[in-house]
>>> print(open('model.txt').read())   # compact mmCIF, C-alpha atoms
# COMPACT_ATOMS: atom_id res chain seq x y z
CA MET A 20 -11.63 -3.96 -31.66
CA SER A 21 -10.65 -2.45 -35.00
CA SER A 22 -7.20 -1.77 -36.43
CA LEU A 23 -5.56 -4.32 -34.15
CA HIS A 24 -1.80 -4.43 -34.49
CA VAL A 25 0.39 -7.09 -32.96
CA GLY A 26 4.05 -6.25 -32.78
CA PRO A 27 7.07 -6.08 -30.50
CA ILE A 28 7.53 -3.18 -28.10
CA LYS A 29 10.68 -2.00 -29.84
CA LYS A 30 8.59 -0.89 -32.83
CA PHE A 31 6.81 1.83 -30.84
CA ALA A 32 9.21 2.58 -27.96
CA LEU A 33 11.72 5.39 -28.14
CA GLY A 34 13.82 3.47 -25.67
CA ILE A 35 13.93 0.87 -22.90
CA TYR A 36 16.35 1.62 -20.06
CA ASP A 37 17.24 0.05 -16.74
CA GLY A 38 18.37 1.76 -13.57
CA PRO A 39 21.74 1.65 -11.81
CA HIS A 40 22.98 -1.68 -10.53
CA ALA A 41 23.96 -0.16 -7.21
CA THR A 42 22.42 1.93 -4.45
CA PRO A 43 23.61 5.51 -3.91
CA LYS A 44 24.29 7.09 -0.57
CA GLU A 45 21.03 8.47 0.75
CA ALA A 46 20.49 12.19 1.19
CA ASP A 47 18.02 13.98 3.45
CA GLU A 48 16.51 15.78 0.47
CA GLY A 49 16.92 16.05 -3.27
CA PRO A 50 15.79 14.03 -6.31
CA ILE A 51 13.79 10.86 -5.61
CA PHE A 52 15.46 7.46 -5.83
CA LEU A 53 12.52 5.56 -7.32
CA GLY A 54 12.39 2.02 -5.96
CA ILE A 55 10.05 -0.94 -6.23
CA LYS A 56 8.32 0.05 -2.96
CA ASN A 57 7.22 3.31 -4.60
CA VAL A 58 5.19 1.46 -7.24
CA THR A 59 1.93 -0.13 -6.09
CA PRO A 60 0.40 -3.33 -7.52
CA GLN A 61 -2.52 -1.15 -8.70
CA GLY A 62 -0.23 0.82 -11.01
CA THR A 63 0.20 4.05 -9.05
CA LEU A 64 3.16 5.76 -7.43
CA ASN A 65 3.32 5.88 -3.63
CA PHE A 66 5.69 8.41 -2.10
CA SER A 67 4.80 7.82 1.56
CA GLU A 68 8.34 6.44 2.01
CA ILE A 69 10.88 8.31 -0.11
CA ARG A 70 14.61 7.87 -0.53
CA HIS A 71 16.64 10.75 -1.94
CA VAL A 72 19.91 11.26 -3.78
CA SER A 73 21.81 14.50 -3.45
CA ASP A 74 21.80 17.08 -6.24
CA GLN A 75 25.54 16.52 -6.56
CA GLU A 76 25.11 12.76 -7.07
CA TYR A 77 22.05 13.08 -9.33
CA PRO A 78 23.96 13.27 -12.67
CA LYS A 79 25.84 10.08 -11.77
CA TRP A 80 22.61 8.13 -11.24
CA THR A 81 20.92 9.41 -14.39
CA LYS A 82 23.70 8.59 -16.87
CA ARG A 83 21.57 5.82 -18.39
CA VAL A 84 18.32 7.78 -18.47
CA VAL A 85 16.52 10.72 -16.86
CA PRO A 86 12.90 9.67 -16.17
CA GLN A 87 10.41 12.06 -17.78
CA GLU A 88 6.67 12.56 -17.95
CA ASN A 89 4.74 9.63 -19.51
CA ASP A 90 7.61 7.18 -19.20
CA ILE A 91 6.35 3.85 -17.85
CA VAL A 92 8.51 2.57 -15.01
CA PHE A 93 8.42 -1.09 -14.08
CA SER A 94 10.10 -3.65 -11.86
CA TYR A 95 12.01 -6.39 -13.62
CA GLU A 96 13.52 -8.37 -10.73
CA ALA A 97 12.42 -9.74 -7.34
CA THR A 98 8.99 -8.09 -7.04
CA LEU A 99 7.45 -8.24 -10.52
CA HIS A 100 4.28 -6.85 -12.13
CA ARG A 101 4.68 -3.27 -10.93
CA TYR A 102 4.05 -0.52 -13.52
CA ALA A 103 3.45 3.23 -13.16
CA LEU A 104 3.43 6.38 -15.26
CA ILE A 105 5.92 9.11 -14.45
CA PRO A 106 3.89 12.25 -13.62
CA GLU A 107 4.52 15.81 -14.71
CA GLY A 108 7.19 17.56 -12.64
CA PHE A 109 8.84 14.37 -11.37
CA ARG A 110 12.56 14.73 -10.64
CA GLY A 111 14.41 11.59 -9.75
CA CYS A 112 16.27 8.51 -10.95
CA LEU A 113 15.52 4.83 -11.33
CA GLY A 114 16.33 2.61 -8.39
CA ARG A 115 17.78 -0.88 -8.46
CA ARG A 116 15.74 -3.51 -10.31
CA MET A 117 13.73 -0.76 -11.99
CA ALA A 118 13.50 0.04 -15.70
CA LEU A 119 11.37 2.22 -17.94
CA VAL A 120 9.76 2.20 -21.36
CA ARG A 121 9.59 5.49 -23.25
CA PRO A 122 6.68 5.15 -25.71
CA ASP A 123 6.63 6.88 -29.09
CA PRO A 124 3.53 9.14 -28.78
CA THR A 125 2.99 9.03 -32.58
CA LYS A 126 2.35 5.27 -32.35
CA VAL A 127 1.10 4.48 -28.87
CA HIS A 128 -0.76 6.40 -26.17
CA PRO A 129 1.34 6.12 -22.96
CA ARG A 130 -1.67 5.73 -20.67
CA PHE A 131 -3.11 2.98 -22.88
CA LEU A 132 0.21 1.11 -22.74
CA HIS A 133 0.30 1.53 -18.98
CA TYR A 134 -3.14 -0.08 -18.69
CA TYR A 135 -2.07 -2.79 -21.13
CA PHE A 136 0.81 -3.70 -18.83
CA LEU A 137 -1.66 -4.02 -15.92
CA ALA A 138 -3.91 -6.47 -17.79
CA PRO A 139 -3.88 -10.24 -17.05
CA SER A 140 -2.86 -11.02 -20.65
CA TRP A 141 0.40 -9.11 -20.16
CA ARG A 142 1.03 -10.84 -16.84
CA THR A 143 0.82 -14.12 -18.76
CA VAL A 144 3.46 -12.85 -21.20
CA ILE A 145 5.78 -11.93 -18.31
CA GLU A 146 5.21 -15.21 -16.47
CA GLY A 147 6.15 -17.07 -19.64
CA ASN A 148 9.51 -15.31 -19.86
CA ILE A 149 10.70 -15.21 -16.25
CA ILE A 150 14.21 -16.39 -15.50
CA SER A 151 14.29 -18.11 -12.11
CA GLY A 152 17.49 -17.31 -10.27
CA ALA A 153 19.01 -18.71 -7.11
CA THR A 154 17.38 -16.03 -4.96
CA VAL A 155 14.95 -13.99 -7.11
CA ASP A 156 13.04 -14.14 -10.38
CA ARG A 157 13.66 -11.60 -13.10
CA VAL A 158 12.45 -10.54 -16.51
CA PRO A 159 15.26 -10.47 -19.10
CA LEU A 160 15.46 -6.89 -20.32
CA THR A 161 17.29 -7.99 -23.47
CA LYS A 162 14.18 -9.94 -24.52
CA PHE A 163 11.64 -7.42 -23.22
CA PRO A 164 11.64 -5.26 -26.41
CA ASP A 165 10.56 -8.31 -28.43
CA PHE A 166 7.46 -9.03 -26.33
CA GLU A 167 4.37 -8.48 -28.46
CA VAL A 168 1.65 -5.96 -27.69
CA ARG A 169 -1.80 -5.75 -29.32
CA LEU A 170 -2.36 -2.15 -30.39
CA PRO A 171 -5.57 -0.74 -31.88
CA ALA A 172 -5.57 2.55 -33.80
CA LEU A 173 -4.16 5.49 -31.83
CA ASP A 174 -7.55 7.24 -31.51
CA LEU A 175 -9.08 4.08 -30.06
CA GLN A 176 -6.15 3.72 -27.67
CA LYS A 177 -6.85 7.22 -26.35
CA HIS A 178 -10.57 6.47 -26.01
CA ILE A 179 -9.97 3.25 -24.08
CA ALA A 180 -7.46 5.01 -21.83
CA SER A 181 -9.99 7.76 -21.12
CA ILE A 182 -12.61 5.20 -20.03
CA LEU A 183 -10.24 3.52 -17.60
CA SER A 184 -8.83 6.87 -16.45
CA ALA A 185 -12.32 7.96 -15.42
CA TYR A 186 -12.39 5.10 -12.91
CA ASP A 187 -8.90 5.93 -11.68
CA ASP A 188 -9.83 9.60 -11.25
CA LEU A 189 -12.77 8.62 -9.03
CA ILE A 190 -10.57 6.22 -7.07
CA GLU A 191 -7.90 8.88 -6.55
CA ASN A 192 -10.50 11.46 -5.53
CA ASN A 193 -11.85 9.08 -2.89
CA ARG A 194 -8.34 8.43 -1.60
CA ARG A 195 -7.68 12.15 -1.24
CA ARG A 196 -10.94 12.59 0.68
CA ILE A 197 -10.00 9.69 2.95
CA GLN A 198 -6.60 11.24 3.64
CA LEU A 199 -8.16 14.59 4.54
CA LEU A 200 -10.70 12.97 6.84
CA GLU A 201 -8.08 10.89 8.60
CA GLN A 202 -5.77 13.89 8.93
CA ALA A 203 -8.58 15.79 10.68
CA ALA A 204 -9.07 12.96 13.17
CA ARG A 205 -5.33 12.64 13.81
CA LEU A 206 -5.03 16.37 14.46
CA LEU A 207 -7.91 16.13 16.95
CA TYR A 208 -6.12 13.29 18.73
CA LYS A 209 -2.93 15.35 19.00
CA GLU A 210 -4.84 18.39 20.25
CA TRP A 211 -6.57 16.42 23.00
CA PHE A 212 -4.05 13.78 24.04
CA VAL A 213 -0.61 15.15 23.12
CA HIS A 214 -1.05 18.88 23.70
CA LEU A 215 -3.64 18.10 26.43
CA ARG A 216 -6.12 20.70 25.18
CA PHE A 217 -9.16 18.46 25.61
CA PRO A 218 -12.59 19.80 26.63
CA GLY A 219 -12.44 21.04 30.22
CA HIS A 220 -8.66 20.81 30.47
CA GLU A 221 -8.56 24.21 32.17
CA HIS A 222 -10.17 22.69 35.27
CA ILE A 223 -8.07 19.51 35.51
CA LYS A 224 -4.85 19.41 37.50
CA ILE A 225 -1.71 17.74 36.14
CA GLN A 226 -0.30 15.07 38.45
CA ASN A 227 2.85 13.08 37.65
CA GLY A 228 2.86 14.49 34.13
CA ILE A 229 -0.71 13.52 33.22
CA PRO A 230 -4.15 14.98 33.97
CA LYS A 231 -5.75 13.85 37.21
CA GLY A 232 -7.92 10.76 36.63
CA TRP A 233 -5.75 9.48 33.77
CA GLU A 234 -3.59 6.35 34.11
CA LYS A 235 -0.08 5.41 33.03
CA LYS A 236 0.00 1.86 31.68
CA THR A 237 1.89 -0.17 29.11
CA ALA A 238 0.47 -1.05 25.71
CA PHE A 239 0.35 -4.68 26.88
CA ASP A 240 -1.94 -3.70 29.78
CA ALA A 241 -4.24 -1.57 27.61
CA MET A 242 -4.98 -4.15 24.89
CA GLU A 243 -5.10 -7.83 24.08
CA VAL A 244 -2.22 -8.82 21.80
CA LEU A 245 -3.36 -11.72 19.61
CA SER A 246 -1.42 -13.72 17.05
CA GLY A 247 -2.04 -15.06 13.57
CA GLY A 248 -0.93 -17.99 11.47
CA THR A 249 -0.85 -19.47 7.98
CA PRO A 250 -2.50 -22.73 6.90
CA LYS A 251 -0.48 -25.07 4.68
CA THR A 252 0.08 -23.43 1.30
CA THR A 253 0.34 -26.89 -0.29
CA VAL A 254 -3.34 -27.64 0.39
CA PRO A 255 -5.46 -26.00 -2.37
CA ASP A 256 -8.70 -26.53 -0.41
CA TYR A 257 -7.50 -24.00 2.17
CA TRP A 258 -7.13 -21.11 -0.26
CA ASP A 259 -9.09 -18.82 -2.61
CA GLY A 260 -12.22 -18.71 -0.50
CA ASN A 261 -14.24 -15.74 0.78
CA ILE A 262 -12.33 -15.01 4.00
CA PRO A 263 -9.78 -12.15 3.74
CA PHE A 264 -6.29 -13.16 4.88
CA PHE A 265 -4.35 -10.07 6.03
CA THR A 266 -0.56 -9.90 5.67
CA PRO A 267 1.86 -6.93 5.76
CA LYS A 268 1.56 -6.69 1.96
CA ASP A 269 -2.10 -5.69 2.38
CA SER A 270 -1.49 -2.74 4.71
CA THR A 271 -2.65 0.67 3.52
CA ASP A 272 -1.67 4.25 4.32
CA TYR A 273 -5.09 5.09 5.74
CA ALA A 274 -7.42 3.62 8.35
CA TYR A 275 -9.27 0.74 6.74
CA VAL A 276 -7.92 -2.24 4.89
CA SER A 277 -10.81 -3.44 2.73
CA SER A 278 -9.33 -6.30 0.71
CA THR A 279 -6.43 -8.71 0.80
CA GLU A 280 -4.27 -10.37 -1.83
CA LYS A 281 -5.01 -13.86 -0.46
CA THR A 282 -8.18 -15.40 0.92
CA LEU A 283 -9.04 -18.53 2.89
CA THR A 284 -11.84 -21.06 2.73
CA ASP A 285 -13.73 -22.19 5.83
CA SER A 286 -11.49 -25.25 5.83
CA GLY A 287 -8.43 -23.02 5.64
CA LEU A 288 -9.60 -21.02 8.64
CA LYS A 289 -10.17 -24.21 10.66
CA ASN A 290 -6.61 -25.26 9.92
CA CYS A 291 -5.06 -21.87 10.68
CA ASN A 292 -3.65 -20.62 13.98
CA SER A 293 -5.43 -17.32 13.47
CA LYS A 294 -8.93 -16.47 14.63
CA LEU A 295 -11.44 -14.67 12.43
CA TYR A 296 -11.09 -11.16 13.83
CA PRO A 297 -14.13 -8.83 13.73
CA LYS A 298 -14.54 -5.51 11.93
CA ASP A 299 -12.54 -2.68 13.54
CA THR A 300 -9.86 -5.00 14.89
CA VAL A 301 -6.55 -3.11 14.84
CA PHE A 302 -3.79 -4.88 12.89
CA ILE A 303 -0.14 -3.93 13.36
CA THR A 304 2.53 -5.38 11.07
CA ALA A 305 5.31 -6.94 13.12
CA ARG A 306 7.84 -8.23 10.57
CA GLY A 307 9.22 -6.99 7.29
CA THR A 308 7.54 -3.61 7.12
CA VAL A 309 7.21 -2.91 10.82
CA GLY A 310 4.56 -0.70 12.37
CA LYS A 311 1.90 -0.32 9.67
CA ILE A 312 -1.44 0.06 11.44
CA ASN A 313 -4.90 -0.57 10.02
CA LEU A 314 -8.48 -1.24 11.02
CA ALA A 315 -10.15 -4.30 9.52
CA GLN A 316 -13.09 -3.15 7.40
CA CYS A 317 -14.69 -6.58 7.60
CA PRO A 318 -14.00 -9.81 9.51
CA MET A 319 -10.49 -11.00 8.59
CA THR A 320 -7.92 -13.56 9.56
CA MET A 321 -4.19 -12.80 9.44
CA ASN A 322 -0.75 -14.38 9.19
CA GLN A 323 1.99 -14.66 11.81
CA SER A 324 3.74 -11.45 10.71
CA CYS A 325 1.07 -9.31 12.36
CA TYR A 326 -0.71 -8.85 15.67
CA ALA A 327 -4.41 -8.26 16.19
CA LEU A 328 -5.10 -5.73 18.94
CA ILE A 329 -8.31 -5.58 20.97
CA ALA A 330 -8.73 -2.67 23.38
CA ARG A 331 -9.37 -3.28 27.06
CA PRO A 332 -12.05 -0.96 28.55
CA PRO A 333 -12.23 1.96 28.98
CA VAL A 334 -10.12 2.12 25.80
CA ASN A 335 -12.06 1.33 22.61
CA GLN A 336 -10.97 0.44 19.07
CA TYR A 337 -11.15 3.96 17.64
CA TYR A 338 -9.12 5.56 20.42
CA LEU A 339 -6.70 2.62 20.25
CA TYR A 340 -6.18 3.08 16.50
CA PHE A 341 -5.34 6.79 16.71
CA ALA A 342 -3.17 6.32 19.81
CA LEU A 343 -1.11 3.66 18.05
CA VAL A 344 -0.80 5.66 14.84
CA ASP A 345 0.47 8.62 16.84
CA GLY A 346 2.93 6.54 18.86
CA VAL A 347 4.03 3.97 16.27
CA GLU A 348 7.64 5.22 16.23
CA GLN A 349 8.03 3.82 19.73
CA PHE A 350 7.32 0.35 18.33
CA ARG A 351 9.71 0.82 15.42
CA SER A 352 12.51 2.05 17.67
CA ARG A 353 12.11 -1.01 19.91
CA ALA A 354 11.89 -3.57 17.12
CA VAL A 355 14.44 -6.34 17.51
CA GLY A 356 15.97 -9.10 15.42
CA ALA A 357 19.28 -10.47 14.19
CA VAL A 358 18.25 -10.66 10.53
CA PHE A 359 15.40 -8.15 10.24
CA ASP A 360 13.50 -5.87 12.60
CA ALA A 361 10.46 -7.35 14.28
CA ILE A 362 7.95 -6.51 16.99
CA ILE A 363 7.52 -9.28 19.57
CA ARG A 364 4.90 -9.62 22.31
CA ASP A 365 7.34 -8.34 24.94
CA THR A 366 7.71 -5.13 22.91
CA PHE A 367 4.20 -4.14 24.01
CA LYS A 368 5.34 -4.35 27.65
CA LEU A 369 7.95 -1.64 26.94
CA ILE A 370 5.61 0.87 25.28
CA PRO A 371 4.10 3.51 27.60
CA PHE A 372 0.36 3.92 27.04
CA ILE A 373 -1.70 6.68 28.63
CA VAL A 374 -5.33 5.84 29.37
CA PRO A 375 -7.42 9.02 29.68
CA HIS A 376 -10.55 9.33 31.79
CA GLU A 377 -13.41 7.30 30.34
CA MET A 378 -15.52 10.41 29.69
CA ILE A 379 -12.75 11.98 27.57
CA ILE A 380 -12.32 8.76 25.56
CA GLN A 381 -16.07 8.68 24.98
CA ALA A 382 -16.15 12.32 23.86
CA PHE A 383 -13.27 11.68 21.44
CA THR A 384 -15.10 8.63 20.08
CA GLU A 385 -18.24 10.70 19.47
CA HIS A 386 -16.19 13.16 17.42
CA THR A 387 -14.29 10.57 15.40
CA THR A 388 -17.02 7.99 14.77
CA PRO A 389 -18.68 10.03 11.96
CA ILE A 390 -15.25 10.58 10.38
CA LEU A 391 -14.39 6.88 10.43
CA ARG A 392 -17.83 5.95 9.14
CA GLN A 393 -17.30 8.27 6.18
CA ILE A 394 -13.86 6.74 5.60
CA ASP A 395 -15.52 3.31 5.77
CA ILE A 396 -18.07 4.31 3.11
CA LEU A 397 -15.44 5.85 0.83
CA SER A 398 -13.23 2.77 1.22
CA SER A 399 -16.12 0.52 0.18
CA GLU A 400 -16.88 2.74 -2.82
CA THR A 401 -13.22 2.67 -3.82
CA LYS A 402 -13.13 -1.12 -3.58
CA LYS A 403 -16.16 -1.38 -5.92
CA LEU A 404 -14.60 1.07 -8.39
CA ILE A 405 -11.38 -0.95 -8.44
CA GLN A 406 -13.32 -4.17 -9.00
CA ALA A 407 -15.32 -2.60 -11.86
CA ARG A 408 -12.17 -1.21 -13.49
CA ASP A 409 -10.34 -4.51 -13.14
CA LEU A 410 -13.24 -6.37 -14.77
CA LEU A 411 -13.37 -3.90 -17.63
CA LEU A 412 -9.61 -3.69 -18.20
CA PRO A 413 -8.97 -7.18 -19.70
CA ARG A 414 -12.09 -7.03 -21.85
CA LEU A 415 -11.03 -3.74 -23.40
CA MET A 416 -7.47 -4.92 -23.89
CA ASN A 417 -8.51 -8.23 -25.46
CA GLY A 418 -10.86 -6.58 -27.93
CA GLU A 419 -14.03 -8.08 -26.44
CA LEU A 420 -15.61 -4.64 -26.09
CA VAL A 421 -15.78 -2.04 -28.83
CA ALA A 422 -15.28 1.23 -27.00
>>> encode(input="model.txt", output="structure tokens")
Amino acid sequence: MSSLHVGPIKKFALGIYDGPHATPKEADEGPIFLGIKNVTPQGTLNFSEIRHVSDQEYPKWTKRVVPQENDIVFSYEATLHRYALIPEGFRGCLGRRMALVRPDPTKVHPRFLHYYFLAPSWRTVIEGNIISGATVDRVPLTKFPDFEVRLPALDLQKHIASILSAYDDLIENNRRRIQLLEQAARLLYKEWFVHLRFPGHEHIKIQNGIPKGWEKKTAFDAMEVLSGGTPKTTVPDYWDGNIPFFTPKDSTDYAYVSSTEKTLTDSGLKNCNSKLYPKDTVFITARGTVGKINLAQCPMTMNQSCYALIARPPVNQYYLYFALVDGVEQFRSRAVGAVFDAIIRDTFKLIPFIVPHEMIIQAFTEHTTPILRQIDILSSETKKLIQARDLLLPRLMNGELVA
């Protein structure tokens, strides 16, 4: 890589700012209070769960800095290694434990710097400067401006960023298609099983609030509720194998979860209280982030903070998934716990679950199977694109490839 420059961040940043050291009173709408949860490990922003500050309070929470387009926000305490670019039109403020770098566009291309922060070499820099506290780790912001970054010429920065952006554009396009497909299937579920406008509904009588031939059960009666576990983390032979190990951190905002942060070996699985659950098992997160629901895209094991759900006939996995997604608020409202909310096995005994006639479930499955198969294919393509980008990223950043 030509024209390589090694220098501290402060030489090409217009500023490095942290967010407020407090949490404002939430508002129902208004500017976004950008927290760690809104920044994904992959380097994107996720606004599926948004907190707001009021317009009246907004000036108070932006005294230090007003985030603007092409700023790079990052987490510096507790959950580390989260970086994202502020998009055009964003209006909000930094949350607690969040900071931002404002690059000088005459010296560094913001998107290149964003990718640089996602590379393994930068993670090594951060890990070498962490301050371990009594409760959480943090990156000292006073030292952060002096961390060195390897910068090629500006034109080459832009070229490298464009290569990596091409992968991200394909990944984002696939995610949008997945969201549209899943939205179509969810709307069909609501039409048939919430509004009761299923095929032939005109000829079916309603008895006790449900169509004749349907049954009122509990979620516990309609599915097997199976538990997970974690093998000893102190035994290296149990970890970093080929078996995906699902935890709440791996949950996604659409149907399939295709990869996990941690994996087990065969020995790890043998010494784990979790089974190896087959493809299309429904996972529901039960602790921490409660009520995230996914289908396993491949055989997976899971930890004790989740349940694996297997439908009892005539219910099948696809109907079960959409029924749970539609009714998940019932689980969240019944979560219990002295320290944090959690779903327990008895929670499933409190959740009403309507089982339609077998023919209606089968008809719904015939409509949704092609949709889920397409989501499955797009999820697999996205996983391969992410793997290809992640392999290319460090090589470009380390100068091994001349773009």
>>> residues_around(input="model.txt", residues="A:Arg195", least_positions_apart="3", cutoff="12 Å", atoms="only C-alpha atoms", output="list in words")
Asp188, Leu189, Ile190, Glu191, Asn192, Gln198, Leu199, Leu200, Glu201, Gln202, Asp272, Tyr273, Ile394, Leu397, Ser398 and Thr401 of chain A
>>> atom_distance(input="model.txt", atom1="atom CA of A:Asp156", atom2="atom CA of A:Lys311")
26.8 Å
>>> atom_distance(input="model.txt", atom1="atom CA of A:Ala354", atom2="atom CA of A:Thr282")
28.4 Å
>>> closest_residue(input="model.txt", among="A:Gly114, A:Gly307, A:Pro60, A:Gly54", to="A:His40", atoms="only C-alpha atoms")
A:Gly114
>>> residues_around(input="model.txt", residues="stretch 361-368 of chain A", least_positions_apart="3", cutoff="12 Å", atoms="all atoms listed in the file", output="ChimeraX atom specification")
/A:236-246,303-311,323-328,343,346-358,371-372
>>> write_last_selection(input="model.txt", atoms="C-alpha atoms", output="PDB file, keeping the file's coordinate frame")
ATOM      1  CA  LYS A 236       0.000   1.860  31.680  1.00  0.00           C
ATOM      2  CA  THR A 237       1.890  -0.170  29.110  1.00  0.00           C
ATOM      3  CA  ALA A 238       0.470  -1.050  25.710  1.00  0.00           C
ATOM      4  CA  PHE A 239       0.350  -4.680  26.880  1.00  0.00           C
ATOM      5  CA  ASP A 240      -1.940  -3.700  29.780  1.00  0.00           C
ATOM      6  CA  ALA A 241      -4.240  -1.570  27.610  1.00  0.00           C
ATOM      7  CA  MET A 242      -4.980  -4.150  24.890  1.00  0.00           C
ATOM      8  CA  GLU A 243      -5.100  -7.830  24.080  1.00  0.00           C
ATOM      9  CA  VAL A 244      -2.220  -8.820  21.800  1.00  0.00           C
ATOM     10  CA  LEU A 245      -3.360 -11.720  19.610  1.00  0.00           C
ATOM     11  CA  SER A 246      -1.420 -13.720  17.050  1.00  0.00           C
ATOM     12  CA  ILE A 303      -0.140  -3.930  13.360  1.00  0.00           C
ATOM     13  CA  THR A 304       2.530  -5.380  11.070  1.00  0.00           C
ATOM     14  CA  ALA A 305       5.310  -6.940  13.120  1.00  0.00           C
ATOM     15  CA  ARG A 306       7.840  -8.230  10.570  1.00  0.00           C
ATOM     16  CA  GLY A 307       9.220  -6.990   7.290  1.00  0.00           C
ATOM     17  CA  THR A 308       7.540  -3.610   7.120  1.00  0.00           C
ATOM     18  CA  VAL A 309       7.210  -2.910  10.820  1.00  0.00           C
ATOM     19  CA  GLY A 310       4.560  -0.700  12.370  1.00  0.00           C
ATOM     20  CA  LYS A 311       1.900  -0.320   9.670  1.00  0.00           C
ATOM     21  CA  GLN A 323       1.990 -14.660  11.810  1.00  0.00           C
ATOM     22  CA  SER A 324       3.740 -11.450  10.710  1.00  0.00           C
ATOM     23  CA  CYS A 325       1.070  -9.310  12.360  1.00  0.00           C
ATOM     24  CA  TYR A 326      -0.710  -8.850  15.670  1.00  0.00           C
ATOM     25  CA  ALA A 327      -4.410  -8.260  16.190  1.00  0.00           C
ATOM     26  CA  LEU A 328      -5.100  -5.730  18.940  1.00  0.00           C
ATOM     27  CA  LEU A 343      -1.110   3.660  18.050  1.00  0.00           C
ATOM     28  CA  GLY A 346       2.930   6.540  18.860  1.00  0.00           C
ATOM     29  CA  VAL A 347       4.030   3.970  16.270  1.00  0.00           C
ATOM     30  CA  GLU A 348       7.640   5.220  16.230  1.00  0.00           C
ATOM     31  CA  GLN A 349       8.030   3.820  19.730  1.00  0.00           C
ATOM     32  CA  PHE A 350       7.320   0.350  18.330  1.00  0.00           C
ATOM     33  CA  ARG A 351       9.710   0.820  15.420  1.00  0.00           C
ATOM     34  CA  SER A 352      12.510   2.050  17.670  1.00  0.00           C
ATOM     35  CA  ARG A 353      12.110  -1.010  19.910  1.00  0.00           C
ATOM     36  CA  ALA A 354      11.890  -3.570  17.120  1.00  0.00           C
ATOM     37  CA  VAL A 355      14.440  -6.340  17.510  1.00  0.00           C
ATOM     38  CA  GLY A 356      15.970  -9.100  15.420  1.00  0.00           C
ATOM     39  CA  ALA A 357      19.280 -10.470  14.190  1.00  0.00           C
ATOM     40  CA  VAL A 358      18.250 -10.660  10.530  1.00  0.00           C
ATOM     41  CA  PRO A 371       4.100   3.510  27.600  1.00  0.00           C
ATOM     42  CA  PHE A 372       0.360   3.920  27.040  1.00  0.00           C
TER      43      PHE A 372
END
>>> atom_distance(input="model.txt", atom1="atom CA of A:Arg205", atom2="atom CA of A:Pro389")
13.7 Å
